[in-house]
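Visitor: Quick one, target-v2.pdb (PDB, C-alpha atoms):
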```pdb
MODEL        1
ATOM      1  CA  MET A   1     201.931  52.440-112.493
ATOM      2  CA  SER A   2     203.152  49.418-114.403
ATOM      3  CA  LYS A   3     203.620  49.065-118.150
ATOM      4  CA  VAL A   4     201.391  46.388-119.709
ATOM      5  CA  LEU A   5     201.468  45.210-123.317
ATOM      6  CA  VAL A   6     198.005  44.118-124.480
ATOM      7  CA  THR A   7     197.909  42.304-127.806
ATOM      8  CA  GLY A   8     194.630  42.332-129.717
ATOM      9  CA  ALA A   9     193.726  45.648-128.056
ATOM     10  CA  ALA A  10     191.142  46.468-130.742
ATOM     11  CA  GLY A  11     189.482  43.102-130.240
ATOM     12  CA  PHE A  12     186.503  42.320-128.031
ATOM     13  CA  ILE A  13     188.280  41.117-124.893
ATOM     14  CA  GLY A  14     191.451  43.145-125.514
ATOM     15  CA  PHE A  15     189.485  46.385-125.654
ATOM     16  CA  HIS A  16     187.702  45.698-122.367
ATOM     17  CA  VAL A  17     190.888  44.569-120.590
ATOM     18  CA  SER A  18     192.771  47.641-121.818
ATOM     19  CA  LYS A  19     190.011  49.944-120.600
ATOM     20  CA  TYR A  20     189.977  48.311-117.168
ATOM     21  CA  LEU A  21     193.749  48.597-116.807
ATOM     22  CA  LEU A  22     193.726  52.239-117.908
ATOM     23  CA  ASP A  23     190.905  53.060-115.475
ATOM     24  CA  ARG A  24     192.993  51.775-112.591
ATOM     25  CA  GLY A  25     196.048  53.784-113.635
ATOM     26  CA  GLU A  26     198.198  51.367-115.628
ATOM     27  CA  GLU A  27     200.173  52.360-118.709
ATOM     28  CA  VAL A  28     198.865  50.263-121.603
ATOM     29  CA  ILE A  29     200.584  49.671-124.913
ATOM     30  CA  GLY A  30     198.057  48.115-127.275
ATOM     31  CA  ILE A  31     198.787  46.382-130.565
ATOM     32  CA  ASP A  32     196.476  44.923-133.192
ATOM     33  CA  ASN A  33     196.779  44.180-136.894
ATOM     34  CA  LEU A  34     193.207  45.416-137.530
ATOM     35  CA  ASN A  35     192.521  42.607-139.995
ATOM     36  CA  ASP A  36     189.198  42.243-141.792
ATOM     37  CA  TYR A  37     188.090  38.929-140.266
ATOM     38  CA  TYR A  38     185.075  40.982-139.181
ATOM     39  CA  GLU A  39     184.075  44.608-139.701
ATOM     40  CA  VAL A  40     187.112  46.837-139.134
ATOM     41  CA  SER A  41     184.910  49.816-138.271
ATOM     42  CA  LEU A  42     183.961  48.120-135.001
ATOM     43  CA  LYS A  43     187.644  47.699-134.128
ATOM     44  CA  HIS A  44     188.287  51.370-134.842
ATOM     45  CA  ALA A  45     185.279  52.324-132.716
ATOM     46  CA  ARG A  46     186.688  50.335-129.804
ATOM     47  CA  LEU A  47     190.087  51.966-130.259
ATOM     48  CA  SER A  48     188.524  55.417-130.246
ATOM     49  CA  GLN A  49     187.346  54.698-126.689
ATOM     50  CA  LEU A  50     190.955  54.063-125.639
ATOM     51  CA  GLU A  51     193.015  56.519-127.644
ATOM     52  CA  ASN A  52     191.760  59.599-125.817
ATOM     53  CA  GLN A  53     193.159  58.273-122.536
ATOM     54  CA  LYS A  54     196.459  59.656-121.317
ATOM     55  CA  HIS A  55     198.337  56.439-120.659
ATOM     56  CA  PHE A  56     197.392  54.498-123.799
ATOM     57  CA  GLN A  57     199.623  53.987-126.822
ATOM     58  CA  PHE A  58     198.628  52.023-129.903
ATOM     59  CA  SER A  59     200.635  50.435-132.702
ATOM     60  CA  LYS A  60     199.200  48.689-135.734
ATOM     61  CA  LEU A  61     201.295  45.541-135.774
ATOM     62  CA  ASP A  62     200.860  41.879-136.645
ATOM     63  CA  ILE A  63     202.208  39.578-133.949
ATOM     64  CA  ALA A  64     203.471  37.271-136.723
ATOM     65  CA  ASP A  65     205.879  40.043-137.804
ATOM     66  CA  ARG A  66     209.057  38.810-136.137
ATOM     67  CA  GLN A  67     211.171  41.896-136.737
ATOM     68  CA  GLY A  68     208.352  44.231-135.784
ATOM     69  CA  MET A  69     207.710  42.362-132.540
ATOM     70  CA  GLU A  70     211.409  42.321-131.650
ATOM     71  CA  GLN A  71     211.557  46.080-132.123
ATOM     72  CA  LEU A  72     208.351  46.637-130.146
ATOM     73  CA  PHE A  73     209.575  44.713-127.110
ATOM     74  CA  GLY A  74     212.911  46.523-127.269
ATOM     75  CA  ASP A  75     211.255  49.914-127.502
ATOM     76  CA  ILE A  76     208.643  49.532-124.765
ATOM     77  CA  GLN A  77     210.163  46.856-122.459
ATOM     78  CA  PRO A  78     206.828  45.915-120.830
ATOM     79  CA  GLU A  79     206.674  44.596-117.284
ATOM     80  CA  LYS A  80     203.670  42.392-118.022
ATOM     81  CA  VAL A  81     202.017  41.033-121.160
ATOM     82  CA  VAL A  82     198.336  40.186-121.684
ATOM     83  CA  HIS A  83     198.288  38.240-124.933
ATOM     84  CA  LEU A  84     194.799  38.206-126.454
ATOM     85  CA  ALA A  85     195.548  38.518-130.179
ATOM     86  CA  ALA A  86     194.709  35.387-132.174
ATOM     87  CA  GLN A  87     192.959  34.077-135.217
ATOM     88  CA  VAL A  88     189.700  32.940-133.675
ATOM     89  CA  GLY A  89     186.755  30.813-134.722
ATOM     90  CA  VAL A  90     186.266  27.067-135.046
ATOM     91  CA  ARG A  91     184.298  26.987-138.298
ATOM     92  CA  TYR A  92     186.536  29.506-140.061
ATOM     93  CA  SER A  93     189.509  27.209-139.416
ATOM     94  CA  LEU A  94     187.912  24.451-141.481
ATOM     95  CA  LYS A  95     188.359  26.426-144.694
ATOM     96  CA  ASN A  96     191.131  28.858-143.769
ATOM     97  CA  PRO A  97     193.767  26.969-141.748
ATOM     98  CA  TYR A  98     196.885  29.002-142.499
ATOM     99  CA  PRO A  99     195.969  32.187-140.590
ATOM    100  CA  TYR A 100     195.803  30.022-137.456
ATOM    101  CA  VAL A 101     199.370  28.870-137.971
ATOM    102  CA  ASP A 102     200.611  32.392-138.690
ATOM    103  CA  SER A 103     198.891  34.136-135.792
ATOM    104  CA  ASN A 104     198.405  31.482-133.136
ATOM    105  CA  LEU A 105     201.710  29.631-133.530
ATOM    106  CA  VAL A 106     204.242  31.951-135.195
ATOM    107  CA  GLY A 107     202.760  34.985-133.458
ATOM    108  CA  PHE A 108     202.809  33.305-130.064
ATOM    109  CA  MET A 109     206.426  32.299-130.622
ATOM    110  CA  ASN A 110     207.257  35.987-131.092
ATOM    111  CA  ILE A 111     205.455  36.823-127.844
ATOM    112  CA  LEU A 112     207.424  34.183-125.940
ATOM    113  CA  GLU A 113     210.751  35.372-127.347
ATOM    114  CA  GLY A 114     209.909  38.946-126.407
ATOM    115  CA  CYS A 115     209.095  37.857-122.862
ATOM    116  CA  ARG A 116     212.348  35.889-122.635
ATOM    117  CA  ASN A 117     214.596  38.601-124.030
ATOM    118  CA  TRP A 118     213.154  41.447-121.985
ATOM    119  CA  GLY A 119     212.512  39.772-118.624
ATOM    120  CA  VAL A 120     208.725  40.122-118.553
ATOM    121  CA  LYS A 121     207.444  39.574-115.005
ATOM    122  CA  HIS A 122     204.202  37.819-116.006
ATOM    123  CA  LEU A 123     202.718  36.564-119.269
ATOM    124  CA  VAL A 124     198.959  36.027-119.233
ATOM    125  CA  PHE A 125     197.644  34.501-122.436
ATOM    126  CA  ALA A 126     194.277  33.502-123.857
ATOM    127  CA  SER A 127     193.564  29.838-124.328
ATOM    128  CA  SER A 128     190.078  28.497-125.002
ATOM    129  CA  SER A 129     187.456  26.067-123.746
ATOM    130  CA  SER A 130     187.783  24.451-127.183
ATOM    131  CA  VAL A 131     190.947  22.669-125.980
ATOM    132  CA  TYR A 132     188.695  20.202-124.123
ATOM    133  CA  GLY A 133     187.776  18.794-127.527
ATOM    134  CA  ALA A 134     186.442  15.261-127.296
ATOM    135  CA  ASN A 135     186.339  15.294-123.467
ATOM    136  CA  THR A 136     182.862  14.531-122.104
ATOM    137  CA  LYS A 137     183.479  14.568-118.337
ATOM    138  CA  MET A 138     181.643  17.604-116.926
ATOM    139  CA  PRO A 139     182.432  20.151-115.688
ATOM    140  CA  PHE A 140     185.656  20.652-117.649
ATOM    141  CA  SER A 141     188.618  20.827-115.273
ATOM    142  CA  VAL A 142     192.131  22.138-115.880
ATOM    143  CA  HIS A 143     193.341  19.040-114.039
ATOM    144  CA  ASP A 144     192.073  16.755-116.818
ATOM    145  CA  ASN A 145     194.140  15.932-119.898
ATOM    146  CA  VAL A 146     193.163  17.751-123.092
ATOM    147  CA  ASP A 147     194.850  15.668-125.754
ATOM    148  CA  HIS A 148     192.012  15.261-128.269
ATOM    149  CA  PRO A 149     191.202  18.597-129.949
ATOM    150  CA  VAL A 150     188.494  18.441-132.619
ATOM    151  CA  SER A 151     189.456  21.590-134.566
ATOM    152  CA  LEU A 152     192.666  23.215-135.738
ATOM    153  CA  TYR A 153     191.788  26.298-133.695
ATOM    154  CA  ALA A 154     191.651  24.151-130.550
ATOM    155  CA  ALA A 155     194.924  22.460-131.475
ATOM    156  CA  THR A 156     196.687  25.814-131.788
ATOM    157  CA  LYS A 157     195.389  26.889-128.384
ATOM    158  CA  LYS A 158     196.609  23.667-126.786
ATOM    159  CA  ALA A 159     199.938  24.256-128.550
ATOM    160  CA  ASN A 160     200.099  27.720-126.947
ATOM    161  CA  GLU A 161     199.763  26.154-123.513
ATOM    162  CA  LEU A 162     202.573  23.700-124.270
ATOM    163  CA  MET A 163     204.824  26.390-125.743
ATOM    164  CA  ALA A 164     204.282  28.673-122.754
ATOM    165  CA  HIS A 165     205.037  25.849-120.347
ATOM    166  CA  SER A 166     208.310  25.049-122.083
ATOM    167  CA  TYR A 167     209.427  28.704-121.846
ATOM    168  CA  SER A 168     208.305  28.879-118.238
ATOM    169  CA  HIS A 169     210.370  25.772-117.499
ATOM    170  CA  LEU A 170     213.445  26.775-119.506
ATOM    171  CA  TYR A 171     213.634  30.494-118.772
ATOM    172  CA  ASN A 172     211.623  30.863-115.556
ATOM    173  CA  ILE A 173     208.980  33.075-117.215
ATOM    174  CA  PRO A 174     205.881  33.222-115.004
ATOM    175  CA  SER A 175     203.033  32.281-117.361
ATOM    176  CA  THR A 176     199.296  31.849-116.896
ATOM    177  CA  GLY A 177     196.915  30.480-119.519
ATOM    178  CA  LEU A 178     193.211  31.307-119.391
ATOM    179  CA  ARG A 179     190.616  29.063-120.988
ATOM    180  CA  PHE A 180     187.731  31.361-121.861
ATOM    181  CA  PHE A 181     184.198  29.976-122.144
ATOM    182  CA  THR A 182     181.849  31.536-124.760
ATOM    183  CA  VAL A 183     182.403  35.217-124.022
ATOM    184  CA  TYR A 184     179.614  37.678-124.860
ATOM    185  CA  GLY A 185     178.585  41.235-124.084
ATOM    186  CA  PRO A 186     178.757  44.838-125.349
ATOM    187  CA  TRP A 187     181.314  45.487-128.110
ATOM    188  CA  GLY A 188     181.271  41.744-128.875
ATOM    189  CA  ARG A 189     182.451  39.942-131.993
ATOM    190  CA  PRO A 190     180.094  39.996-135.014
ATOM    191  CA  ASP A 191     181.004  36.396-135.893
ATOM    192  CA  MET A 192     179.620  35.001-132.628
ATOM    193  CA  ALA A 193     176.088  33.738-131.983
ATOM    194  CA  MET A 194     174.928  36.634-129.800
ATOM    195  CA  PHE A 195     175.769  39.223-132.450
ATOM    196  CA  LEU A 196     174.629  37.108-135.417
ATOM    197  CA  PHE A 197     171.324  36.212-133.785
ATOM    198  CA  THR A 198     170.544  39.764-132.693
ATOM    199  CA  LYS A 199     171.255  41.205-136.136
ATOM    200  CA  ALA A 200     169.199  38.526-137.905
ATOM    201  CA  ILE A 201     166.202  38.773-135.574
ATOM    202  CA  LEU A 202     166.069  42.570-135.875
ATOM    203  CA  GLU A 203     166.252  42.259-139.677
ATOM    204  CA  ASP A 204     163.573  39.502-139.790
ATOM    205  CA  GLN A 205     166.131  37.008-141.093
ATOM    206  CA  SER A 206     166.387  33.363-140.025
ATOM    207  CA  ILE A 207     169.106  32.184-137.641
ATOM    208  CA  ASN A 208     171.116  28.959-137.931
ATOM    209  CA  VAL A 209     170.579  26.876-134.793
ATOM    210  CA  PHE A 210     173.136  24.089-134.682
ATOM    211  CA  ASN A 211     172.652  20.728-132.997
ATOM    212  CA  TYR A 212     168.911  21.469-133.268
ATOM    213  CA  GLY A 213     169.141  23.859-130.326
ATOM    214  CA  LYS A 214     170.463  21.175-127.972
ATOM    215  CA  MET A 215     173.964  22.656-127.922
ATOM    216  CA  ARG A 216     174.944  23.693-124.407
ATOM    217  CA  ARG A 217     177.403  26.480-123.642
ATOM    218  CA  ASP A 218     178.877  28.078-120.537
ATOM    219  CA  PHE A 219     178.039  31.658-121.577
ATOM    220  CA  THR A 220     180.331  34.091-119.752
ATOM    221  CA  TYR A 221     179.719  37.835-119.578
ATOM    222  CA  ILE A 222     182.580  40.098-120.621
ATOM    223  CA  ASP A 223     182.856  41.966-117.288
ATOM    224  CA  ASP A 224     183.417  38.637-115.520
ATOM    225  CA  ILE A 225     186.085  37.685-118.034
ATOM    226  CA  VAL A 226     187.917  40.989-117.533
ATOM    227  CA  GLU A 227     187.746  40.756-113.752
ATOM    228  CA  GLY A 228     189.228  37.271-113.950
ATOM    229  CA  VAL A 229     191.986  38.337-116.358
ATOM    230  CA  VAL A 230     193.092  41.283-114.231
ATOM    231  CA  ARG A 231     192.995  39.391-110.938
ATOM    232  CA  VAL A 232     195.112  36.645-112.483
ATOM    233  CA  LEU A 233     197.499  39.235-113.959
ATOM    234  CA  ASP A 234     198.101  40.535-110.436
ATOM    235  CA  LYS A 235     198.873  37.046-109.096
ATOM    236  CA  ILE A 236     202.197  35.866-110.455
ATOM    237  CA  PRO A 237     202.253  32.042-110.520
ATOM    238  CA  GLU A 238     204.765  30.142-108.439
ATOM    239  CA  PRO A 239     206.041  26.598-108.949
ATOM    240  CA  ASN A 240     203.883  23.897-107.386
ATOM    241  CA  SER A 241     206.225  22.204-104.906
ATOM    242  CA  GLU A 242     203.939  19.158-104.770
ATOM    243  CA  TRP A 243     203.898  18.615-108.538
ATOM    244  CA  SER A 244     204.988  15.084-109.443
ATOM    245  CA  GLY A 245     206.165  13.698-112.756
ATOM    246  CA  GLU A 246     204.718  10.354-111.701
ATOM    247  CA  ARG A 247     201.261  11.906-111.326
ATOM    248  CA  PRO A 248     201.473  14.947-113.611
ATOM    249  CA  ASP A 249     198.809  17.582-113.004
ATOM    250  CA  PRO A 250     198.050  19.378-116.315
ATOM    251  CA  GLY A 251     196.790  22.477-114.496
ATOM    252  CA  THR A 252     199.966  23.280-112.562
ATOM    253  CA  SER A 253     203.690  22.648-112.850
ATOM    254  CA  ALA A 254     207.049  22.550-111.127
ATOM    255  CA  ALA A 255     207.678  25.667-113.233
ATOM    256  CA  PRO A 256     205.986  29.041-112.546
ATOM    257  CA  TYR A 257     203.048  28.129-114.761
ATOM    258  CA  LYS A 258     199.303  27.881-114.203
ATOM    259  CA  ILE A 259     196.108  27.247-116.170
ATOM    260  CA  TYR A 260     192.638  28.514-115.214
ATOM    261  CA  ASN A 261     189.147  28.195-116.603
ATOM    262  CA  ILE A 262     187.147  31.422-116.730
ATOM    263  CA  GLY A 263     183.521  30.454-117.254
ATOM    264  CA  ASN A 264     180.154  31.114-115.680
ATOM    265  CA  ASN A 265     180.144  27.650-114.096
ATOM    266  CA  GLN A 266     176.836  26.589-115.640
ATOM    267  CA  SER A 267     175.790  25.043-118.907
ATOM    268  CA  VAL A 268     172.892  26.711-120.741
ATOM    269  CA  GLU A 269     171.041  25.114-123.638
ATOM    270  CA  LEU A 270     171.200  27.132-126.841
ATOM    271  CA  GLY A 271     167.413  27.000-127.150
ATOM    272  CA  HIS A 272     167.021  28.734-123.773
ATOM    273  CA  PHE A 273     169.679  31.272-124.676
ATOM    274  CA  ILE A 274     167.667  32.169-127.790
ATOM    275  CA  GLU A 275     164.498  32.513-125.695
ATOM    276  CA  VAL A 276     166.240  35.010-123.413
ATOM    277  CA  LEU A 277     167.430  36.971-126.445
ATOM    278  CA  GLU A 278     163.912  36.946-127.945
ATOM    279  CA  ASN A 279     162.515  38.316-124.675
ATOM    280  CA  CYS A 280     165.095  41.123-124.608
ATOM    281  CA  LEU A 281     164.414  42.043-128.237
ATOM    282  CA  GLY A 282     160.649  41.638-128.013
ATOM    283  CA  ARG A 283     160.704  39.544-131.191
ATOM    284  CA  LYS A 284     160.646  35.882-132.108
ATOM    285  CA  ALA A 285     163.449  34.269-134.087
ATOM    286  CA  GLN A 286     162.957  32.381-137.324
ATOM    287  CA  LYS A 287     165.002  29.244-136.707
ATOM    288  CA  ASN A 288     166.852  27.179-139.254
ATOM    289  CA  MET A 289     167.529  23.964-137.306
ATOM    290  CA  LEU A 290     170.794  22.264-138.292
ATOM    291  CA  PRO A 291     172.941  19.326-137.090
ATOM    292  CA  LEU A 292     176.141  19.665-135.072
ATOM    293  CA  GLN A 293     178.890  21.127-137.240
ATOM    294  CA  PRO A 294     182.377  19.622-137.714
ATOM    295  CA  GLY A 295     184.764  20.958-135.087
ATOM    296  CA  ASP A 296     181.978  21.923-132.646
ATOM    297  CA  VAL A 297     181.470  20.232-129.299
ATOM    298  CA  PRO A 298     177.966  19.586-127.939
ATOM    299  CA  GLU A 299     178.567  21.053-124.462
ATOM    300  CA  THR A 300     180.940  23.228-122.439
ATOM    301  CA  TYR A 301     180.846  23.711-118.669
ATOM    302  CA  ALA A 302     183.674  25.225-116.614
ATOM    303  CA  TYR A 303     185.031  24.052-113.281
ATOM    304  CA  VAL A 304     186.257  27.321-111.718
ATOM    305  CA  GLU A 305     187.130  26.419-108.136
ATOM    306  CA  ASP A 306     190.865  26.942-108.831
ATOM    307  CA  LEU A 307     190.195  30.503-109.964
ATOM    308  CA  GLU A 308     188.012  31.200-106.933
ATOM    309  CA  GLN A 309     190.538  29.695-104.536
ATOM    310  CA  ASP A 310     193.561  31.527-105.936
ATOM    311  CA  VAL A 311     192.170  34.988-106.745
ATOM    312  CA  GLY A 312     188.876  35.078-104.829
ATOM    313  CA  PHE A 313     186.621  35.432-107.832
ATOM    314  CA  LYS A 314     184.308  33.428-110.044
ATOM    315  CA  PRO A 315     181.984  34.652-112.824
ATOM    316  CA  SER A 316     178.335  34.957-111.833
ATOM    317  CA  THR A 317     176.453  37.260-114.247
ATOM    318  CA  PRO A 318     173.149  35.570-115.247
ATOM    319  CA  ILE A 319     172.496  35.402-118.985
ATOM    320  CA  GLU A 320     169.257  37.333-118.483
ATOM    321  CA  VAL A 321     171.326  40.293-117.244
ATOM    322  CA  GLY A 322     174.186  39.936-119.712
ATOM    323  CA  VAL A 323     171.989  39.483-122.780
ATOM    324  CA  GLY A 324     169.939  42.517-121.809
ATOM    325  CA  ARG A 325     173.075  44.643-121.578
ATOM    326  CA  PHE A 326     174.283  43.424-124.954
ATOM    327  CA  VAL A 327     170.963  44.181-126.642
ATOM    328  CA  ALA A 328     170.913  47.697-125.150
ATOM    329  CA  TRP A 329     174.463  48.320-126.426
ATOM    330  CA  TYR A 330     173.723  46.888-129.871
ATOM    331  CA  GLN A 331     170.660  49.033-130.419
ATOM    332  CA  SER A 332     172.452  52.155-129.204
ATOM    333  CA  TYR A 333     175.618  51.521-131.214
ATOM    334  CA  TYR A 334     173.914  50.954-134.542
ATOM    335  CA  ASN A 335     171.160  53.539-134.121
ATOM    336  CA  LEU A 336     173.795  56.180-133.452
ATOM    337  CA  ARG A 337     175.306  55.333-136.819
ATOM    338  CA  GLY A 338     172.008  55.509-138.629
ATOM    339  CA  THR A 339     172.050  51.891-139.760
ATOM    340  CA  ASP A 340     168.958  49.830-140.172
ATOM    341  CA  SER A 341     168.589  47.513-137.210
TER     342      SER A 341
ENDMDL
END
```
Represent the structure of the file as structure tokens.
Guide:
Amino acid sequence: MSKVLVTGAAGFIGFHVSKYLLDRGEEVIGIDNLNDYYEVSLKHARLSQLENQKHFQFSKLDIADRQGMEQLFGDIQPEKVVHLAAQVGVRYSLKNPYPYVDSNLVGFMNILEGCRNWGVKHLVFASSSSVYGANTKMPFSVHDNVDHPVSLYAATKKANELMAHSYSHLYNIPSTGLRFFTVYGPWGRPDMAMFLFTKAILEDQSINVFNYGKMRRDFTYIDDIVEGVVRVLDKIPEPNSEWSGERPDPGTSAAPYKIYNIGNNQSVELGHFIEVLENCLGRKAQKNMLPLQPGDVPETYAYVEDLEQDVGFKPSTPIEVGVGRFVAWYQSYYNLRGTDS
């Protein structure tokens, strides 16, 4: 049994990763600040699924709290860290930039210092497909430069990759960054399209369809994300002996540092995604067609051969399967609580 610190444990991905680790016998220390970016009751409901398990401990803590994080690392001395806590959302960052600095930059600094001071064996941290920004070469590859973010959220995620690399180089901290592609599934985030669309359709409300439905996303089911995270956690990165400063590869390093995409390796048009959701719900959506929003990119599509080569896995859940599972969870979750869906 190893001791793993999971930040953002009450969040969508953090909850699922924590559950997986507990089910295989790990000791998990989860932290989360339980902020009200979306409904806190959902976060508590996720936590309730974890807190009755023997090897789970939870602390309400903001990763931007320097003193609190120093004390936490000293108290628990984790062997590995899965850092999933962050201020998320592209559109939210347009009007509320400061939480991204506090959580994604200051908070990540506290994570890195904890890893340095307590000799963490492996730091796995969440990046995002949004770092590809203005890139148009498809599929997105970790071996391409990502120097043109189009949102502050994306810029903070790119900054996390750079910060982690510097600590990996300076202090020999094995670090792996994971660029997630449009994660969806049961217990998902209410601010994301899957949740918003389902709620609106069931309540006979219109949905906002950006880029007139021509937006394309690499929708990735939560179970595939978790499998990728845990397999990567088990594979501690080693320096790439062939890395050259004359031909720098952004995806690897002469330090023990690695970047992976975790995506479904296909690009699905938003219009088709909505059709699948309509079929699962047995209802048609009322669509409010809108242009591409500032900070959004028209398409994402993950190149995942590195992930498959190194850990023997690549996501493969079809959206027809994943959307059906989400709809079943959504209807069960809210009906159990007597809400009007």
Visitor: Excluding Gly8 in chain A and its own-chain neighbours fewer than 5 positions away, which residues fall within 10 Å of it when counting all atoms listed in the file? Please give them as a PyMOL selection string.
Guide: chain A and resi 13-15+18+30-34+43+60-63+82-86
Visitor: Taking C-alpha atoms for each residue, export the selection above as a PDB file, keeping the file's coordinate frame.
Guide:
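As a result, selection-v8.pdb now contains:
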```pdb
ATOM      1  CA  ILE A  13     188.280  41.117-124.893  1.00  0.00           C
ATOM      2  CA  GLY A  14     191.451  43.145-125.514  1.00  0.00           C
ATOM      3  CA  PHE A  15     189.485  46.385-125.654  1.00  0.00           C
ATOM      4  CA  SER A  18     192.771  47.641-121.818  1.00  0.00           C
ATOM      5  CA  GLY A  30     198.057  48.115-127.275  1.00  0.00           C
ATOM      6  CA  ILE A  31     198.787  46.382-130.565  1.00  0.00           C
ATOM      7  CA  ASP A  32     196.476  44.923-133.192  1.00  0.00           C
ATOM      8  CA  ASN A  33     196.779  44.180-136.894  1.00  0.00           C
ATOM      9  CA  LEU A  34     193.207  45.416-137.530  1.00  0.00           C
ATOM     10  CA  LYS A  43     187.644  47.699-134.128  1.00  0.00           C
ATOM     11  CA  LYS A  60     199.200  48.689-135.734  1.00  0.00           C
ATOM     12  CA  LEU A  61     201.295  45.541-135.774  1.00  0.00           C
ATOM     13  CA  ASP A  62     200.860  41.879-136.645  1.00  0.00           C
ATOM     14  CA  ILE A  63     202.208  39.578-133.949  1.00  0.00           C
ATOM     15  CA  VAL A  82     198.336  40.186-121.684  1.00  0.00           C
ATOM     16  CA  HIS A  83     198.288  38.240-124.933  1.00  0.00           C
ATOM     17  CA  LEU A  84     194.799  38.206-126.454  1.00  0.00           C
ATOM     18  CA  ALA A  85     195.548  38.518-130.179  1.00  0.00           C
ATOM     19  CA  ALA A  86     194.709  35.387-132.174  1.00  0.00           C
TER      20      ALA A  86
END
```
Visitor: Starting from the shown file, work through the PyMOL selection byres ((chain A and resi 255) around 9) and note down what comes out as an NGL selection string.
Guide: :A and (165-166 or 168-170 or 172-174 or 237-240 or 252-254 or 256-258)
Visitor: When you draw a straight line from CA of Ser206 in chain A to CA of Ser151 in chain A, how long is it in Å?
Guide: 26.5 Å
Visitor: Which of these residues is nearest to His143 in chain A, using all atoms listed in the file: A:Glu27, A:Asp306, A:Glu113, A:Asp191?
Guide: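 Comparing A:Glu27, A:Asp306, A:Glu113, A:Asp191 against His143 in chain A, the winner is A:Asp306.
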Visitor: Nearest to Ile274 in chain A: which of A:Val6, A:Ile207, A:Leu202, A:Val17 is it, counting only C-alpha atoms?
Guide: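 Smallest distance to Ile274 in chain A is found for A:Ile207.
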Visitor: Take CA of Tyr303 in chain A and CA of Val268 in chain A and report the distance between them in Å, one decimal.
Guide: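 Separation between CA of Tyr303 in chain A and CA of Val268 in chain A: 14.5 Å.
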Visitor: Pull out every residue that the PyMOL selection byres ((chain A and resi 71) around 12) matches in the shown coordinates and put them as JSON, numbers by chain.
Guide: {"A": [59, 61, 63, 65, 66, 67, 68, 69, 70, 72, 73, 74, 75, 76, 77, 110, 111, 113, 114, 117, 118]}
Visitor: Given the choices A:Val101, A:Val327, A:Leu281, A:Val90, which gets closest to Ile201 in chain A if the distance is worked out from all atoms listed in the file?
Guide: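 Checking each of A:Val101, A:Val327, A:Leu281, A:Val90 against Ile201 in chain A, counting all atoms listed in the file, the winner is A:Leu281.
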Visitor: For range 218-229 of chain A, supply N, CA and C atoms and format the output as a short mmCIF file (atom, residue, chain, number, x, y, z; two decimals), keeping the file's coordinate frame.
Guide:
```cif
data_model
loop_
_atom_site.label_atom_id
_atom_site.label_comp_id
_atom_site.auth_asym_id
_atom_site.auth_seq_id
_atom_site.Cartn_x
_atom_site.Cartn_y
_atom_site.Cartn_z
N ASP A 218 178.66 27.35 -121.78
CA ASP A 218 178.88 28.08 -120.54
C ASP A 218 179.08 29.55 -120.91
N PHE A 219 177.98 30.26 -121.14
CA PHE A 219 178.04 31.66 -121.58
C PHE A 219 178.59 32.54 -120.46
N THR A 220 179.64 33.31 -120.77
CA THR A 220 180.33 34.09 -119.75
C THR A 220 180.36 35.57 -120.15
N TYR A 221 179.84 36.40 -119.28
CA TYR A 221 179.72 37.84 -119.58
C TYR A 221 181.08 38.51 -119.54
N ILE A 222 181.28 39.47 -120.43
CA ILE A 222 182.58 40.10 -120.62
C ILE A 222 183.16 40.72 -119.34
N ASP A 223 182.33 41.35 -118.51
CA ASP A 223 182.86 41.97 -117.29
C ASP A 223 183.47 40.91 -116.36
N ASP A 224 182.87 39.72 -116.34
CA ASP A 224 183.42 38.64 -115.52
C ASP A 224 184.75 38.15 -116.08
N ILE A 225 184.83 38.08 -117.40
CA ILE A 225 186.08 37.68 -118.03
C ILE A 225 187.19 38.67 -117.67
N VAL A 226 186.91 39.96 -117.80
CA VAL A 226 187.92 40.99 -117.53
C VAL A 226 188.35 40.96 -116.08
N GLU A 227 187.40 40.82 -115.17
CA GLU A 227 187.75 40.76 -113.75
C GLU A 227 188.67 39.58 -113.49
N GLY A 228 188.37 38.44 -114.11
CA GLY A 228 189.23 37.27 -113.95
C GLY A 228 190.62 37.49 -114.52
N VAL A 229 190.69 38.08 -115.72
CA VAL A 229 191.99 38.34 -116.36
C VAL A 229 192.86 39.22 -115.48
#
```
